[in-house]
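Chemist: Structure file structure22.txt (compact mmCIF, C-alpha atoms) right here:
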```txt
# COMPACT_ATOMS: atom_id res chain seq x y z
CA MET G 4 10.86 -0.33 -8.64
CA SER G 5 9.68 2.37 -11.03
CA ILE G 6 6.12 2.06 -12.30
CA GLU G 7 4.74 4.14 -15.17
CA ILE G 8 1.07 4.29 -16.13
CA ASN G 9 0.05 5.47 -19.59
CA ALA G 10 -3.22 7.37 -19.78
CA VAL G 11 -5.22 9.59 -22.11
CA LYS G 12 -7.70 12.31 -21.26
CA ARG G 13 -11.32 11.23 -21.04
CA ASP G 14 -13.72 13.73 -22.54
CA VAL G 15 -17.01 11.94 -21.90
CA LYS G 16 -18.29 11.57 -18.33
CA GLY G 17 -21.14 9.82 -16.56
CA THR G 18 -22.12 6.26 -15.63
CA GLY G 19 -23.11 5.27 -19.16
CA ALA G 20 -19.86 6.55 -20.62
CA SER G 21 -17.85 4.69 -17.96
CA ARG G 22 -19.66 1.44 -18.81
CA ARG G 23 -18.83 1.88 -22.49
CA LEU G 24 -15.17 2.49 -21.63
CA ARG G 25 -15.01 -0.72 -19.58
CA ARG G 26 -16.60 -2.72 -22.39
CA ALA G 27 -13.95 -1.27 -24.72
CA GLY G 28 -11.16 -2.53 -22.41
CA THR G 29 -10.27 0.70 -20.62
CA VAL G 30 -10.59 1.85 -17.02
CA PRO G 31 -11.97 5.32 -16.18
CA GLY G 32 -10.05 7.34 -13.63
CA VAL G 33 -9.11 10.78 -12.34
CA VAL G 34 -5.96 12.62 -11.24
CA TYR G 35 -6.16 15.58 -8.86
CA GLY G 36 -4.22 17.60 -6.30
CA ALA G 37 -1.13 19.83 -6.09
CA GLY G 38 -3.25 22.91 -6.72
CA LYS G 39 -4.09 21.84 -10.27
CA GLU G 40 -7.40 21.09 -11.90
CA ALA G 41 -8.67 17.50 -11.73
CA VAL G 42 -8.38 15.61 -15.04
CA THR G 43 -10.49 12.60 -16.00
CA LEU G 44 -8.55 9.73 -17.55
CA GLU G 45 -8.85 6.42 -19.29
CA ILE G 46 -6.24 3.69 -19.00
CA ASN G 47 -5.80 0.36 -20.81
CA ALA G 48 -7.34 -2.22 -18.46
CA LYS G 49 -4.84 -5.03 -19.13
CA GLU G 50 -1.79 -2.78 -18.76
CA LEU G 51 -3.17 -1.29 -15.56
CA PHE G 52 -4.00 -4.64 -13.96
CA LEU G 53 -0.50 -6.00 -14.67
CA GLU G 54 0.97 -3.11 -12.63
CA PHE G 55 -1.85 -3.13 -10.05
CA ARG G 56 -0.87 -6.67 -8.95
CA HIS G 57 2.53 -5.47 -7.72
CA GLU G 58 2.78 -4.52 -4.04
CA ALA G 59 4.79 -1.44 -5.02
CA PHE G 60 1.87 -0.04 -7.03
CA HIS G 61 -0.03 0.54 -3.78
CA ALA G 62 2.80 2.09 -1.73
CA SER G 63 5.09 3.92 -4.14
CA VAL G 64 5.30 7.18 -6.02
CA LEU G 65 4.11 6.30 -9.54
CA THR G 66 4.76 8.07 -12.84
CA LEU G 67 1.59 9.01 -14.69
CA ASN G 68 2.25 9.56 -18.39
CA LEU G 69 -0.74 11.58 -19.55
CA GLU G 70 -0.45 11.95 -23.32
CA GLY G 71 3.31 12.50 -23.10
CA LYS G 72 3.27 14.72 -20.01
CA LYS G 73 4.66 12.93 -16.96
CA GLU G 74 3.98 13.69 -13.29
CA ASN G 75 4.43 11.91 -9.97
CA VAL G 76 1.27 10.51 -8.40
CA LEU G 77 0.04 8.22 -5.63
CA LEU G 78 -2.75 5.68 -5.83
CA ARG G 79 -5.49 7.08 -3.61
CA ASP G 80 -8.60 5.00 -4.32
CA PHE G 81 -9.98 2.29 -6.59
CA GLN G 82 -13.15 0.27 -7.03
CA MET G 83 -13.14 -3.41 -7.97
CA HIS G 84 -15.93 -5.41 -9.60
CA PRO G 85 -17.36 -7.67 -6.86
CA VAL G 86 -17.42 -10.77 -9.09
CA ARG G 87 -15.03 -10.34 -12.02
CA ASN G 88 -12.14 -8.87 -9.95
CA THR G 89 -11.56 -6.13 -12.53
CA ILE G 90 -10.76 -2.49 -11.76
CA GLN G 91 -13.84 -0.34 -12.26
CA HIS G 92 -12.40 3.09 -11.45
CA ILE G 93 -9.11 4.47 -10.15
CA ASP G 94 -8.05 7.74 -8.48
CA PHE G 95 -4.55 9.23 -8.42
CA GLN G 96 -3.26 12.20 -6.41
CA ARG G 97 -0.46 14.40 -7.71
CA VAL G 98 2.62 14.55 -5.49
CA SER G 99 4.52 17.70 -4.59
CA ALA G 100 8.29 17.42 -4.17
CA THR G 101 8.19 19.80 -1.18
CA GLU G 102 5.16 18.56 0.78
CA LYS G 103 5.08 15.50 3.03
CA ILE G 104 2.76 12.67 2.08
CA HIS G 105 0.98 10.06 4.19
CA VAL G 106 1.11 6.56 2.71
CA LYS G 107 0.44 3.06 4.07
CA VAL G 108 3.61 1.02 3.57
CA PRO G 109 3.72 -2.80 3.93
CA PHE G 110 5.92 -4.64 6.41
CA HIS G 111 8.29 -7.40 5.24
CA PHE G 112 9.11 -9.77 8.10
CA ILE G 113 12.54 -11.45 8.14
CA ASN G 114 14.36 -14.01 10.33
CA ALA G 115 11.18 -15.48 11.83
CA ASP G 116 12.71 -18.96 11.55
CA ILE G 117 15.66 -18.07 13.81
CA ALA G 118 13.72 -16.09 16.42
CA PRO G 119 14.34 -17.76 19.83
CA GLY G 120 10.62 -17.85 20.54
CA VAL G 121 10.11 -19.92 17.40
CA LYS G 122 13.32 -21.95 17.19
CA THR G 123 13.61 -23.00 20.82
CA GLY G 124 10.27 -21.95 22.30
CA GLY G 125 8.05 -23.69 19.77
CA GLY G 126 5.89 -20.62 19.23
CA ILE G 127 4.76 -19.01 16.00
CA VAL G 128 4.88 -15.44 14.75
CA ALA G 129 1.62 -13.49 15.08
CA HIS G 130 1.50 -10.60 12.59
CA ILE G 131 -0.44 -7.90 14.43
CA LEU G 132 0.08 -5.26 11.73
CA THR G 133 0.86 -5.87 8.06
CA GLU G 134 1.33 -2.19 7.14
CA ALA G 135 1.65 1.23 8.75
CA ASP G 136 1.03 4.84 7.77
CA VAL G 137 4.25 6.80 7.27
CA SER G 138 4.89 10.49 6.71
CA CYS G 139 7.73 11.68 4.46
CA LEU G 140 8.63 13.54 1.31
CA ALA G 141 7.92 11.68 -1.92
CA LYS G 142 11.64 11.12 -2.61
CA ASP G 143 12.06 9.35 0.75
CA LEU G 144 9.06 7.01 0.49
CA PRO G 145 10.15 3.39 1.16
CA GLU G 146 8.64 0.59 -0.95
CA PHE G 147 8.38 -1.57 2.18
CA LEU G 148 9.57 -1.63 5.81
CA GLU G 149 11.73 -4.49 7.07
CA VAL G 150 10.90 -5.99 10.47
CA ASP G 151 13.73 -8.15 11.86
CA LEU G 152 12.39 -10.82 14.22
CA ALA G 153 15.79 -12.44 14.92
CA GLY G 154 15.86 -11.55 18.63
CA LEU G 155 12.19 -12.03 19.48
CA GLU G 156 11.54 -14.28 22.52
CA MET G 157 8.41 -16.23 23.40
CA GLY G 158 5.64 -13.92 24.65
CA HIS G 159 7.49 -10.78 23.51
CA SER G 160 6.48 -8.34 20.79
CA ILE G 161 8.18 -5.82 18.53
CA HIS G 162 6.79 -2.28 18.38
CA LEU G 163 6.89 0.57 15.88
CA SER G 164 9.59 2.35 17.88
CA GLN G 165 11.92 -0.64 17.39
CA ILE G 166 11.76 -0.58 13.59
CA LYS G 167 14.55 1.28 11.81
CA LEU G 168 13.38 3.97 9.40
CA ALA G 169 15.35 5.92 6.85
CA LYS G 170 16.09 9.57 7.56
CA GLY G 171 13.07 11.77 6.90
CA VAL G 172 10.53 8.95 7.38
CA GLU G 173 8.34 8.66 10.48
CA PHE G 174 5.40 6.57 11.64
CA VAL G 175 2.23 8.64 11.89
CA GLN G 176 0.96 6.56 14.84
CA LEU G 177 4.23 6.97 16.73
CA ALA G 178 4.16 10.73 16.18
CA HIS G 179 0.76 10.70 17.90
CA GLY G 180 2.07 8.71 20.87
CA ASN G 181 0.81 5.28 19.79
CA ASP G 182 3.71 2.80 19.87
CA ALA G 183 1.67 -0.08 18.46
CA ALA G 184 2.85 -3.70 18.46
CA VAL G 185 3.70 -5.02 15.00
CA ALA G 186 4.43 -8.70 15.67
CA ALA G 187 4.70 -11.11 18.59
CA ILE G 188 5.73 -14.68 19.29
CA ALA G 189 2.60 -16.52 20.39
CA LYS G 190 2.34 -19.84 22.16
CA THR G 191 0.69 -22.70 20.34
CA ARG G 192 -2.01 -24.85 21.88
CA GLY G 193 -3.17 -27.95 20.08
CA GLY G 194 -1.25 -26.77 17.03
CA VAL G 195 -3.14 -23.49 16.89
CA ALA G 196 -1.58 -20.15 17.80
CA ASP G 197 -2.80 -18.82 21.10
CA ALA G 198 -2.17 -15.11 20.68
CA ALA G 199 -4.85 -14.28 23.22
CA GLU G 200 -4.52 -14.61 26.95
CA GLU G 201 -4.25 -18.22 28.07
CA THR G 202 -7.30 -19.72 29.71
CA PRO G 203 -6.57 -20.72 33.35
CA ALA G 204 -6.49 -24.46 34.02
CA ALA G 205 -9.66 -25.86 35.56
```
Would you write out, as structure tokens, the structure that this file holds?

Modeler:
Amino acid sequence: MSIEINAVKRDVKGTGASRRLRRAGTVPGVVYGAGKEAVTLEINAKELFLEFRHEAFHASVLTLNLEGKKENVLLRDFQMHPVRNTIQHIDFQRVSATEKIHVKVPFHFINADIAPGVKTGGGIVAHILTEADVSCLAKDLPEFLEVDLAGLEMGHSIHLSQIKLAKGVEFVQLAHGNDAAVAAIAKTRGGVADAAEETPAA
């Protein structure tokens, strides 16, 4: 999924100026990195929010079209209004084609319904992680990571090392020796998942 954001340069700065921009229906922002000077931006609020709702906006290389000049960027930070759920400010980082990036990529879980621990064991899937930090070149960045639960038995879990990654992509945690659990089949007790250790019978 290719996402392009249209922006124009923002000449005025400061809290008051940012408030005026928001009232006018635009979102203030900034793009920085790749050894270039930071540039302040303004983006149409409605157009931005339509793209912001997509999962890919948060874990993909985006195209920033700044007054006709396009460059690859990553979403790095944003601030939301606590009540109105509108974007108050947004930060983008330029992406180099030759330098590895670190990005949190979401997991997509498949085949939970046919996992033995669910189908025959009566358990439910406990999602321990919903995303993980990966390291790769921008061209290799996956939009999401598929976690196949088809063979998962009751009481067993699937770890980062068991998830297939494309060539050139690696888990940051795994590279540091942390083979974290991603999902497990948990027993149910009274209809509620008991992912914690069972309490001994009295």

Chemist: Grab all the atoms of segment 157-163 of chain G that the file lists, wrap them in a box along x, y and z, add 8 Å per side, and give me centre plus edge lengths in Å (one decimal) as lines of an AutoDock Vina configuration file.

Modeler:
```
center_x = 7.0
center_y = -7.8
center_z = 20.3
size_x = 18.8
size_y = 32.8
size_z = 24.8
```

Chemist: Measuring between all atoms listed in the file, which one of G:Asp136, G:Glu54, G:Asp143, G:Glu7 shows the shortest distance to Ala100 of chain G?

Modeler: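 Nearest to Ala100 of chain G: G:Asp143.
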
Chemist: Excluding segment 115-129 of chain G and its own-chain neighbours fewer than 3 positions away, which residues fall within 7 Å of it when counting all atoms listed in the file? Please give them as a ChimeraX atom specification.

Modeler: /G:152-157,186-191,196,198

Chemist: Separation of atom CA of Thr29 of chain G and atom CA of Arg56 of chain G, in Å?

Modeler: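 Separation between atom CA of Thr29 of chain G and atom CA of Arg56 of chain G: 16.7 Å.
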
Chemist: Given the choices G:Asn75, G:Ser138, G:Ser160, G:Asn47, which gets closest to Arg26 of chain G if the distance is worked out from all atoms listed in the file?

Modeler: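 Of all the options, G:Asn47 lies closest to Arg26 of chain G.
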
Chemist: Near segment 63-70 of chain G, counting all atoms listed in the file, which residues have an atom at most 10 Å away, once you skip same-chain residues fewer than 5 positions from it, shown as a VMD selection string?

Modeler: chain G and resid 4 to 12 34 42 44 to 46 58 75 to 78 95 to 98 106 to 108 141 to 147

Chemist: For Ser164 of chain G, which of G:Ala183, G:Leu53, G:Leu132, G:Leu148 is the closest residue, counting all atoms listed in the file?

Modeler: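 Between G:Ala183, G:Leu53, G:Leu132, G:Leu148, the residue approaching Ser164 of chain G most closely is G:Ala183.
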
Chemist: So which residues touch Asn181 of chain G within 10 Å, counting all atoms listed in the file, skipping near sequence neighbours fewer than 3 positions away, as a PyMOL selection string?

Modeler: chain G and resi 162-164+174-178+184

Chemist: Rounded to one decimal in Å, what is the spacing between atom CA of Glu50 of chain G and atom CA of Val30 of chain G?

Modeler: 10.1 Å

Chemist: Record the distance separating atom CA of Phe52 of chain G and atom CA of Phe112 of chain G, expressed in Å with one decimal.

Modeler: 26.2 Å

Chemist: For Ala41 of chain G, which residue among G:His61, G:Arg25, G:His105, G:Arg13 is the nearest when counting only C-alpha atoms?

Modeler: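 So, comparing all the options, the nearest one is G:Arg13.
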